[in-house]
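K.L.:
File start.tsv below, TSV, C-alpha atoms:
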```tsv
chain	number	residue	atom	x	y	z
A	1	MET	CA	108.80	115.72	107.52
A	2	ILE	CA	110.12	116.85	104.18
A	3	TYR	CA	109.05	115.01	101.06
A	4	ASP	CA	111.56	114.63	98.26
A	5	THR	CA	108.79	115.55	95.87
A	6	ILE	CA	105.17	116.60	96.03
A	7	ILE	CA	103.05	115.95	92.97
A	8	ALA	CA	99.90	117.99	92.43
A	9	GLY	CA	97.39	115.93	90.48
A	10	SER	CA	96.53	112.27	89.99
A	11	GLY	CA	95.86	111.95	86.28
A	12	ALA	CA	98.11	110.01	83.91
A	13	ALA	CA	100.95	112.54	84.30
A	14	GLY	CA	100.84	112.84	88.09
A	15	LEU	CA	100.55	109.12	88.76
A	16	SER	CA	103.19	108.24	86.19
A	17	ALA	CA	105.50	110.76	87.89
A	18	ALA	CA	104.66	109.12	91.24
A	19	ILE	CA	105.52	105.66	89.91
A	20	TYR	CA	108.91	106.89	88.66
A	21	ALA	CA	109.64	108.95	91.78
A	22	GLY	CA	108.76	105.96	93.94
A	23	ARG	CA	111.09	103.76	91.92
A	24	TYR	CA	113.83	106.38	92.47
A	25	LEU	CA	113.17	105.87	96.22
A	26	MET	CA	112.09	109.48	96.61
A	27	LYS	CA	109.73	110.22	99.51
A	28	THR	CA	106.74	111.10	97.36
A	29	LEU	CA	103.42	112.69	98.18
A	30	VAL	CA	100.64	112.88	95.60
A	31	VAL	CA	97.87	115.39	96.24
A	32	ARG	CA	95.03	113.84	94.31
A	33	GLY	CA	92.92	116.75	93.09
A	34	ASN	CA	90.40	115.31	90.64
A	35	PHE	CA	91.26	111.64	90.57
A	36	GLY	CA	92.25	110.22	87.21
A	37	GLY	CA	92.17	113.48	85.28
A	38	GLU	CA	90.85	113.43	81.73
A	39	THR	CA	91.70	109.75	81.29
A	40	ALA	CA	89.28	108.69	84.01
A	41	THR	CA	86.34	110.27	82.18
A	42	ALA	CA	87.40	109.14	78.70
A	43	GLY	CA	85.37	105.93	78.67
A	44	GLN	CA	86.93	103.14	76.63
A	45	ILE	CA	90.45	103.83	75.35
A	46	TRP	CA	91.69	102.00	72.30
A	47	ASN	CA	95.10	103.57	71.73
A	48	TYR	CA	96.90	103.02	75.01
A	49	PRO	CA	99.54	100.40	74.22
A	50	GLY	CA	99.13	97.04	75.85
A	51	ALA	CA	95.58	97.65	77.05
A	52	PRO	CA	93.22	97.88	74.05
A	53	GLY	CA	89.69	98.89	74.99
A	54	VAL	CA	90.60	99.58	78.60
A	55	ASP	CA	88.19	101.71	80.59
A	56	GLY	CA	89.84	105.03	81.49
A	57	TYR	CA	88.74	104.90	85.14
A	58	ASP	CA	90.07	101.35	85.53
A	59	LEU	CA	93.34	102.36	83.89
A	60	MET	CA	93.77	105.22	86.35
A	61	LYS	CA	92.94	102.94	89.29
A	62	ASN	CA	95.76	100.67	88.05
A	63	PHE	CA	98.10	103.67	87.75
A	64	GLU	CA	97.20	104.66	91.31
A	65	LYS	CA	97.77	101.17	92.68
A	66	GLN	CA	101.13	101.01	90.91
A	67	ALA	CA	102.08	104.41	92.36
A	68	LYS	CA	101.16	103.25	95.87
A	69	ASP	CA	103.04	99.98	95.36
A	70	SER	CA	106.06	102.05	94.30
A	71	GLY	CA	105.99	103.80	97.66
A	72	ALA	CA	104.08	107.01	96.92
A	73	GLU	CA	101.76	108.38	99.58
A	74	ILE	CA	98.48	109.64	98.14
A	75	ILE	CA	96.16	112.06	99.88
A	76	ASN	CA	92.82	113.59	98.92
A	77	GLY	CA	92.53	117.31	98.45
A	78	LYS	CA	93.82	119.96	96.11
A	79	VAL	CA	96.98	122.03	96.24
A	80	THR	CA	95.66	125.49	97.10
A	81	GLY	CA	98.95	127.36	97.53
A	82	ALA	CA	102.73	127.03	97.45
A	83	LYS	CA	105.66	129.10	98.66
A	84	ASN	CA	109.31	128.91	97.73
A	85	ASN	CA	111.15	128.94	101.01
A	86	SER	CA	114.82	129.15	99.93
A	87	GLY	CA	115.13	125.70	98.41
A	88	CYS	CA	112.18	124.16	100.24
A	89	PHE	CA	108.61	124.37	99.06
A	90	ASP	CA	105.73	124.85	101.46
A	91	VAL	CA	102.67	123.34	99.86
A	92	GLU	CA	99.20	124.15	101.14
A	93	VAL	CA	96.42	121.61	100.85
A	94	GLY	CA	93.45	123.34	102.38
A	95	PRO	CA	94.37	124.10	106.01
A	96	LYS	CA	97.41	121.78	106.04
A	97	THR	CA	100.95	122.59	104.91
A	98	TYR	CA	103.38	120.01	103.56
A	99	HIS	CA	107.07	120.51	102.75
A	100	ALA	CA	109.07	119.26	99.78
A	101	LYS	CA	112.41	119.57	98.04
A	102	THR	CA	110.86	119.49	94.58
A	103	LEU	CA	107.41	120.06	93.10
A	104	ILE	CA	105.69	118.57	90.08
A	105	PHE	CA	102.56	120.29	88.82
A	106	ALA	CA	100.32	117.83	86.99
A	107	GLN	CA	96.92	119.12	87.94
A	108	GLY	CA	95.64	119.10	84.39
A	109	ALA	CA	93.14	121.41	82.83
A	110	GLU	CA	89.54	122.38	83.32
A	111	ARG	CA	86.92	121.94	80.60
A	112	ARG	CA	86.35	125.10	78.60
A	113	HIS	CA	82.87	126.55	78.73
A	114	LEU	CA	81.11	128.36	75.91
A	115	GLY	CA	81.15	131.66	77.78
A	116	LEU	CA	77.47	132.27	77.15
A	117	ALA	CA	74.98	134.05	79.38
A	118	ARG	CA	72.99	131.60	81.54
A	119	GLU	CA	75.51	128.81	80.94
A	120	GLU	CA	76.29	128.43	84.63
A	121	GLU	CA	72.60	128.55	85.56
A	122	LEU	CA	71.78	125.78	83.07
A	123	THR	CA	74.80	123.58	83.83
A	124	ALA	CA	73.53	120.08	84.69
A	125	LYS	CA	70.08	121.35	83.67
A	126	GLY	CA	70.54	120.49	80.04
A	127	VAL	CA	74.09	121.79	79.60
A	128	HIS	CA	76.79	119.19	80.30
A	129	TYR	CA	80.55	118.78	79.99
A	130	CYS	CA	80.92	115.04	80.62
A	131	VAL	CA	79.38	112.56	78.21
A	132	THR	CA	80.40	109.48	80.15
A	133	CYS	CA	78.77	110.94	83.28
A	134	ASP	CA	75.53	112.43	82.02
A	135	GLY	CA	75.08	111.07	78.47
A	136	PRO	CA	73.03	108.02	79.54
A	137	LEU	CA	70.43	110.36	81.12
A	138	TYR	CA	69.37	111.35	77.62
A	139	THR	CA	68.27	107.91	76.48
A	140	GLY	CA	65.78	108.32	73.64
A	141	LYS	CA	66.22	112.10	73.53
A	142	THR	CA	67.60	114.68	71.10
A	143	VAL	CA	70.87	116.32	72.03
A	144	ALA	CA	73.59	118.46	70.48
A	145	MET	CA	77.35	118.35	70.87
A	146	VAL	CA	79.49	121.47	70.47
A	147	GLY	CA	83.02	120.65	69.42
A	148	GLY	CA	85.27	119.73	66.54
A	149	GLY	CA	88.21	117.92	68.11
A	150	ASP	CA	88.69	114.23	68.76
A	151	ALA	CA	87.13	114.33	72.23
A	152	SER	CA	83.87	115.68	70.80
A	153	VAL	CA	83.72	112.96	68.15
A	154	LYS	CA	84.40	110.31	70.79
A	155	GLY	CA	81.66	111.94	72.84
A	156	ILE	CA	79.23	111.61	69.94
A	157	LEU	CA	80.11	107.95	69.49
A	158	ASP	CA	79.26	107.41	73.16
A	159	LEU	CA	76.09	109.52	73.07
A	160	ALA	CA	74.84	107.69	69.99
A	161	LYS	CA	74.45	104.57	72.13
A	162	TYR	CA	71.67	106.31	74.05
A	163	VAL	CA	70.08	109.18	72.17
A	164	ASP	CA	67.67	109.15	69.22
A	165	LYS	CA	69.07	112.14	67.36
A	166	LEU	CA	72.21	114.17	67.59
A	167	TYR	CA	73.33	117.52	66.20
A	168	PHE	CA	77.07	118.11	65.95
A	169	ILE	CA	77.73	121.86	66.04
A	170	VAL	CA	81.15	122.68	64.61
A	171	ARG	CA	82.58	126.18	64.29
A	172	ALA	CA	84.99	125.20	61.50
A	173	ASP	CA	83.92	124.32	57.96
A	174	LYS	CA	85.32	120.78	58.21
A	175	LEU	CA	86.68	118.27	60.70
A	176	THR	CA	90.46	118.06	60.61
A	177	ARG	CA	91.51	117.18	64.16
A	178	PRO	CA	89.70	113.93	65.10
A	179	GLU	CA	91.45	110.60	64.65
A	180	PRO	CA	90.54	109.04	61.28
A	181	VAL	CA	89.30	105.86	62.94
A	182	ASN	CA	86.82	107.90	65.01
A	183	LEU	CA	85.68	109.83	61.92
A	184	GLU	CA	85.05	106.50	60.23
A	185	GLU	CA	82.84	105.45	63.16
A	186	LEU	CA	81.07	108.80	63.01
A	187	ASP	CA	80.24	108.22	59.35
A	188	LYS	CA	78.73	104.86	60.21
A	189	LEU	CA	76.11	106.61	62.39
A	190	GLY	CA	74.54	107.96	59.20
A	191	ASP	CA	71.44	110.15	59.57
A	192	LYS	CA	71.39	109.81	63.33
A	193	VAL	CA	73.98	112.59	63.45
A	194	ILE	CA	73.49	115.87	61.61
A	195	THR	CA	76.67	117.94	61.48
A	196	LEU	CA	76.24	121.70	61.28
A	197	TYR	CA	79.51	123.19	60.05
A	198	SER	CA	80.44	126.88	60.32
A	199	THR	CA	77.93	127.13	63.15
A	200	GLU	CA	78.12	128.36	66.72
A	201	VAL	CA	75.73	128.37	69.66
A	202	LYS	CA	74.87	131.99	70.44
A	203	GLU	CA	72.24	131.66	73.13
A	204	LEU	CA	70.89	129.14	75.63
A	205	VAL	CA	67.13	129.23	76.16
A	206	GLY	CA	64.96	127.53	78.80
A	207	GLU	CA	63.13	127.96	82.08
A	208	GLY	CA	64.51	125.72	84.77
A	209	LYS	CA	66.21	123.57	82.18
A	210	LEU	CA	67.55	123.92	78.65
A	211	GLU	CA	64.84	123.86	75.99
A	212	LYS	CA	66.61	125.13	72.89
A	213	VAL	CA	69.66	126.94	71.59
A	214	ILE	CA	69.96	129.85	69.18
A	215	LEU	CA	72.45	129.19	66.41
A	216	SER	CA	74.67	131.66	64.58
A	217	ARG	CA	73.02	130.73	61.28
A	218	GLU	CA	69.83	129.14	60.07
A	219	PHE	CA	69.37	125.38	59.93
A	220	ASP	CA	66.24	123.97	58.34
A	221	GLY	CA	64.75	127.47	58.06
A	222	SER	CA	65.37	128.55	61.65
A	223	ARG	CA	68.13	129.67	64.00
A	224	GLU	CA	66.33	127.95	66.87
A	225	LEU	CA	67.31	124.37	67.56
A	226	VAL	CA	65.06	122.50	69.98
A	227	ILE	CA	67.03	119.95	71.99
A	228	ASP	CA	66.84	118.15	75.33
A	229	GLY	CA	70.51	118.48	76.15
A	230	LEU	CA	73.69	120.18	75.04
A	231	PHE	CA	77.13	118.65	75.52
A	232	VAL	CA	80.22	120.83	75.28
A	233	GLU	CA	83.65	119.43	74.30
A	234	ILE	CA	85.70	122.42	73.23
A	235	GLY	CA	88.99	121.69	74.92
A	236	ALA	CA	90.36	122.66	78.28
A	237	LYS	CA	92.28	125.46	79.93
A	238	PRO	CA	95.22	124.62	82.19
A	239	ASP	CA	94.97	125.04	85.94
A	240	VAL	CA	97.90	127.39	86.62
A	241	PHE	CA	96.82	129.48	89.62
A	242	VAL	CA	99.23	127.94	92.15
A	243	PRO	CA	102.26	127.62	89.82
A	244	THR	CA	101.99	131.25	88.73
A	245	SER	CA	101.78	132.38	92.35
A	246	LEU	CA	105.11	130.63	92.78
A	247	GLY	CA	106.64	132.59	89.91
A	248	VAL	CA	106.36	129.84	87.29
A	249	ALA	CA	106.26	131.37	83.80
A	250	LEU	CA	103.57	130.53	81.26
A	251	ASP	CA	103.84	130.27	77.50
A	252	LYS	CA	101.99	132.53	75.06
A	253	ILE	CA	98.75	130.56	75.29
A	254	GLY	CA	98.67	130.15	79.05
A	255	TYR	CA	100.23	126.73	79.63
A	256	ILE	CA	103.15	126.21	82.02
A	257	ASN	CA	106.35	126.86	80.11
A	258	VAL	CA	108.73	123.89	80.31
A	259	ASP	CA	111.84	122.74	78.50
A	260	ASN	CA	112.33	119.25	77.08
A	261	LEU	CA	113.03	117.94	80.59
A	262	MET	CA	109.79	119.41	81.96
A	263	GLN	CA	111.70	122.01	83.98
A	264	THR	CA	109.99	125.31	84.62
A	265	ASN	CA	111.87	128.59	85.11
A	266	VAL	CA	111.80	128.00	88.90
A	267	PRO	CA	114.57	125.60	90.04
A	268	GLY	CA	113.11	122.46	91.57
A	269	VAL	CA	109.68	122.96	90.00
A	270	TYR	CA	108.48	120.75	87.13
A	271	ALA	CA	105.24	120.34	85.22
A	272	ALA	CA	103.66	117.62	83.08
A	273	GLY	CA	100.44	116.54	81.43
A	274	ASP	CA	97.70	118.88	80.28
A	275	THR	CA	99.14	121.86	82.17
A	276	VAL	CA	101.90	122.01	79.54
A	277	ASN	CA	101.65	122.31	75.80
A	278	HIS	CA	104.69	120.22	74.95
A	279	PHE	CA	102.99	118.24	72.17
A	280	GLY	CA	100.59	121.02	71.19
A	281	PRO	CA	96.96	119.95	71.00
A	282	PHE	CA	97.98	116.26	70.97
A	283	LYS	CA	96.99	115.53	74.55
A	284	GLN	CA	96.70	111.83	75.20
A	285	THR	CA	97.10	109.43	78.11
A	286	ILE	CA	100.33	108.15	76.61
A	287	THR	CA	101.83	111.64	76.20
A	288	ALA	CA	100.75	112.69	79.71
A	289	ALA	CA	102.28	109.53	81.19
A	290	ALA	CA	105.51	110.12	79.28
A	291	LEU	CA	105.74	113.74	80.40
A	292	GLY	CA	105.14	112.66	84.00
A	293	ALA	CA	107.99	110.15	83.79
A	294	VAL	CA	110.33	112.82	82.41
A	295	ALA	CA	109.29	115.33	85.10
A	296	ALA	CA	109.95	112.79	87.87
A	297	THR	CA	113.37	111.96	86.42
A	298	SER	CA	114.29	115.64	86.26
A	299	ALA	CA	113.03	116.16	89.81
A	300	TYR	CA	115.17	113.21	90.91
A	301	ASN	CA	118.29	114.62	89.24
A	302	TYR	CA	117.68	118.01	90.89
A	303	TYR	CA	117.05	116.39	94.27
A	304	LYS	CA	120.32	114.44	94.06
A	305	LYS	CA	122.28	117.66	93.48
A	306	HIS	CA	120.34	120.20	95.54
A	307	GLY	CA	118.10	118.28	97.93
A	308	ASN	CA	120.41	118.90	100.87
A	309	LEU	CA	119.86	122.66	100.53
A	310	CYS	CA	116.31	122.17	101.70
A	311	GLN	CA	117.44	119.81	104.45
A	312	THR	CA	119.98	122.39	105.70
A	313	HIS	CA	117.46	125.20	105.50
A	314	TRP	CA	114.87	123.11	107.29
A	315	LYS	CA	117.30	122.40	110.16
A	316	VAL	CA	118.20	126.07	110.53
A	317	THR	CA	114.64	127.32	110.50
A	318	SER	CA	113.40	124.52	112.75
A	319	GLN	CA	115.84	125.39	115.56
B	1	MET	CA	84.08	102.98	110.09
B	2	THR	CA	80.78	104.78	109.93
B	3	MET	CA	79.40	106.17	113.15
B	4	GLU	CA	75.97	106.91	111.72
B	5	ASN	CA	73.39	104.45	110.44
B	6	LYS	CA	71.59	106.32	107.69
B	7	LYS	CA	70.16	104.85	104.51
B	8	VAL	CA	72.37	105.68	101.54
B	9	LYS	CA	71.17	105.79	97.94
B	10	ILE	CA	73.22	106.69	94.87
B	11	TYR	CA	71.54	107.86	91.69
B	12	SER	CA	74.07	107.01	89.02
B	13	THR	CA	74.77	106.02	85.42
B	14	PRO	CA	76.88	102.99	84.56
B	15	THR	CA	79.66	104.95	82.82
B	16	CYS	CA	79.89	107.91	85.19
B	17	VAL	CA	83.36	108.08	86.70
B	18	TRP	CA	82.34	110.12	89.75
B	19	CYS	CA	79.55	107.63	90.44
B	20	ARG	CA	82.14	104.86	90.44
B	21	ALA	CA	84.46	106.92	92.63
B	22	THR	CA	81.59	107.49	95.09
B	23	LYS	CA	80.72	103.80	95.19
B	24	ASP	CA	84.40	102.86	95.61
B	25	PHE	CA	84.68	105.33	98.47
B	26	LEU	CA	81.61	103.93	100.27
B	27	THR	CA	82.74	100.35	99.71
B	28	GLU	CA	86.21	101.16	101.08
B	29	HIS	CA	84.51	102.51	104.21
B	30	ASN	CA	82.10	99.56	104.51
B	31	VAL	CA	79.01	101.71	103.96
B	32	PRO	CA	76.10	99.75	102.46
B	33	PHE	CA	74.24	101.65	99.72
B	34	GLU	CA	71.51	101.22	97.13
B	35	ASP	CA	72.67	101.96	93.60
B	36	ILE	CA	69.92	103.34	91.35
B	37	ASN	CA	70.66	103.43	87.63
B	38	VAL	CA	68.89	106.56	86.38
B	39	ALA	CA	69.89	105.80	82.80
B	40	SER	CA	67.47	102.86	82.73
B	41	ASP	CA	65.02	103.82	85.50
B	42	ALA	CA	62.92	106.71	84.18
B	43	VAL	CA	60.89	107.04	87.40
B	44	ALA	CA	64.04	107.40	89.47
B	45	ARG	CA	65.45	109.85	86.92
B	46	GLU	CA	62.35	112.03	87.26
B	47	TYR	CA	62.53	111.80	91.06
B	48	MET	CA	66.18	112.84	90.97
B	49	PHE	CA	65.41	115.81	88.74
B	50	LYS	CA	62.49	116.95	90.91
B	51	ARG	CA	64.43	116.48	94.14
B	52	THR	CA	67.59	118.30	92.95
B	53	GLY	CA	66.42	120.45	90.03
B	54	GLN	CA	69.29	119.18	87.94
B	55	MET	CA	70.36	116.27	85.72
B	56	GLY	CA	73.96	115.68	86.78
B	57	VAL	CA	75.13	112.48	88.47
B	58	PRO	CA	76.00	111.20	90.95
B	59	VAL	CA	73.35	112.29	93.41
B	60	ILE	CA	73.84	110.82	96.84
B	61	GLU	CA	70.93	110.62	99.25
B	62	ILE	CA	72.00	110.11	102.86
B	63	GLY	CA	68.98	109.97	105.11
B	64	ASN	CA	67.13	113.18	104.25
B	65	ASP	CA	70.21	114.96	102.96
B	66	ILE	CA	71.15	115.28	99.31
B	67	ILE	CA	74.64	115.68	97.88
B	68	ILE	CA	75.16	116.51	94.21
B	69	GLY	CA	78.47	115.23	92.90
B	70	PHE	CA	81.21	113.23	94.64
B	71	ASN	CA	81.86	115.43	97.66
B	72	GLU	CA	83.98	113.22	99.85
B	73	GLU	CA	84.15	115.70	102.70
B	74	ARG	CA	80.37	116.15	102.91
B	75	ILE	CA	79.70	112.41	102.59
B	76	SER	CA	82.19	111.72	105.38
B	77	GLU	CA	80.59	114.39	107.54
B	78	LEU	CA	77.07	113.01	107.09
B	79	LEU	CA	78.15	109.41	107.67
B	80	GLY	CA	80.57	110.14	110.47
B	81	ILE	CA	83.52	108.73	108.54
B	82	SER	CA	86.78	109.89	110.07
```
Translate this structure into structure tokens?
P.N.:
Amino acid sequence: MIYDTIIAGSGAAGLSAAIYAGRYLMKTLVVRGNFGGETATAGQIWNYPGAPGVDGYDLMKNFEKQAKDSGAEIINGKVTGAKNNSGCFDVEVGPKTYHAKTLIFAQGAERRHLGLAREEELTAKGVHYCVTCDGPLYTGKTVAMVGGGDASVKGILDLAKYVDKLYFIVRADKLTRPEPVNLEELDKLGDKVITLYSTEVKELVGEGKLEKVILSREFDGSRELVIDGLFVEIGAKPDVFVPTSLGVALDKIGYINVDNLMQTNVPGVYAAGDTVNHFGPFKQTITAAALGAVAATSAYNYYKKHGNLCQTHWKVTSQ
Amino acid sequence: MTMENKKVKIYSTPTCVWCRATKDFLTEHNVPFEDINVASDAVAREYMFKRTGQMGVPVIEIGNDIIIGFNEERISELLGIS
């Protein structure tokens, strides 16, 4: 069986691509990876048109249902390898291999870590990367958030529902990237949030669990900040291992390089969502969905012109 | 269908996406489970921390086995879900 397209990833970009590919009557396989991508963990979303205040997980469940209803087949697992076999792509998902005429990489990005000693050891023991998952565990406690972008401010707004006190540790000397409406909400939290500008976390301290952090500069007469938990929202790095093994070129900062039609340098291979940097740091559900739709349309146009190459090759090699 | 009959407990928070994914998965496979909200239940939170040595959710208790995070493969294995 040869799929017309295989989509790696089931976030807003991957599922949007699946909806479009399904509507183009392409035999479509979605390899889920982490279901829902960044949108699923975003909590309530207020800027997705037509669905104000929608929960990110629910929105992605709707995307997935729509993709299935459009004819896409969806399997669990992660794309672990891919080979270009003269116009056909062999796609490995664990021990299984699937075949496709086109590929769309939409496997998103992984949360960036601080890169500090003991960070891995203390992950989930006071150091966390998902506010919607682990934030409620800190009800009545004191926590810190490391960040500066919109996601970190949204994270603080969520955390503030549970915690008593919050430190916002920001490397820059002011906040320029968060959406104004979220900054307005941040202001409303008043003294509950203390923002430490021009400050970095230098060290994580604790036995068995995080007890305090060492800051790059003094706050309140000390570089030690005693907290119960530390949340990290400092962006994400794209997951590009499989595409690069296929010869897909990256841009200067490590994202998959695509043109305006989401085409990579490898014919028949497309990318969308947080694995590309098409809109710079503006990475939203709406932009990911749009990029996925464009990638699927490009894959469809390629498949119409060149899809039979794979079919021919498949027949020859199968004999 | 499950082939095993083990007691299943999920230690979760209401907003945790992987907790919801775990519960959806079990529901889809007709596996009954007890959902324990560790955001509001301090005793359960302490138990979870002592049992696993960590504060991430979901934690899934299947019989005497513990799974940290939504590990579909491991859950299926322990419950005999094909």
K.L.:
When you look at Gly53 of chain B with a cut-off of 10 Å (counting all atoms listed in the file), what residues show up, excluding the ones that are within fewer than 3 positions of it in the same chain? I need them as a PDB file with C-alpha atoms, keeping the file's coordinate frame.
P.N.:
```pdb
ATOM      1  CA  ALA A 124      73.530 120.080  84.690  1.00  0.00           C
ATOM      2  CA  LYS A 125      70.080 121.350  83.670  1.00  0.00           C
ATOM      3  CA  GLY A 208      64.510 125.720  84.770  1.00  0.00           C
ATOM      4  CA  LYS A 209      66.210 123.570  82.180  1.00  0.00           C
TER       5      LYS A 209
ATOM      6  CA  GLU B  46      62.350 112.030  87.260  1.00  0.00           C
ATOM      7  CA  TYR B  47      62.530 111.800  91.060  1.00  0.00           C
ATOM      8  CA  MET B  48      66.180 112.840  90.970  1.00  0.00           C
ATOM      9  CA  PHE B  49      65.410 115.810  88.740  1.00  0.00           C
ATOM     10  CA  LYS B  50      62.490 116.950  90.910  1.00  0.00           C
ATOM     11  CA  GLY B  56      73.960 115.680  86.780  1.00  0.00           C
TER      12      GLY B  56
END
```
K.L.:
Give the residues of chain A that lie within 10 Å of chain B; count all atoms listed in the file, and format the answer as a PyMOL selection string.
P.N.:
chain A and resi 34-36+40-44+55-58+61+76-77+122-139+158+162+208-209+229
K.L.:
Choose the residue, out of B:Val31, B:Ile10, B:Leu79, B:Ala44, that has the smallest atom-to-atom separation from Ile60 of chain B; count only C-alpha atoms.
P.N.:
B:Ile10
K.L.:
What's the 12 Å shell around Phe89 of chain A, counting all atoms listed in the file, without same-chain residues fewer than 2 positions away, as a PyMOL selection string?
P.N.:
chain A and resi 2-7+81-87+91-92+97-104+243+246+266-269+307+309-311+313-314
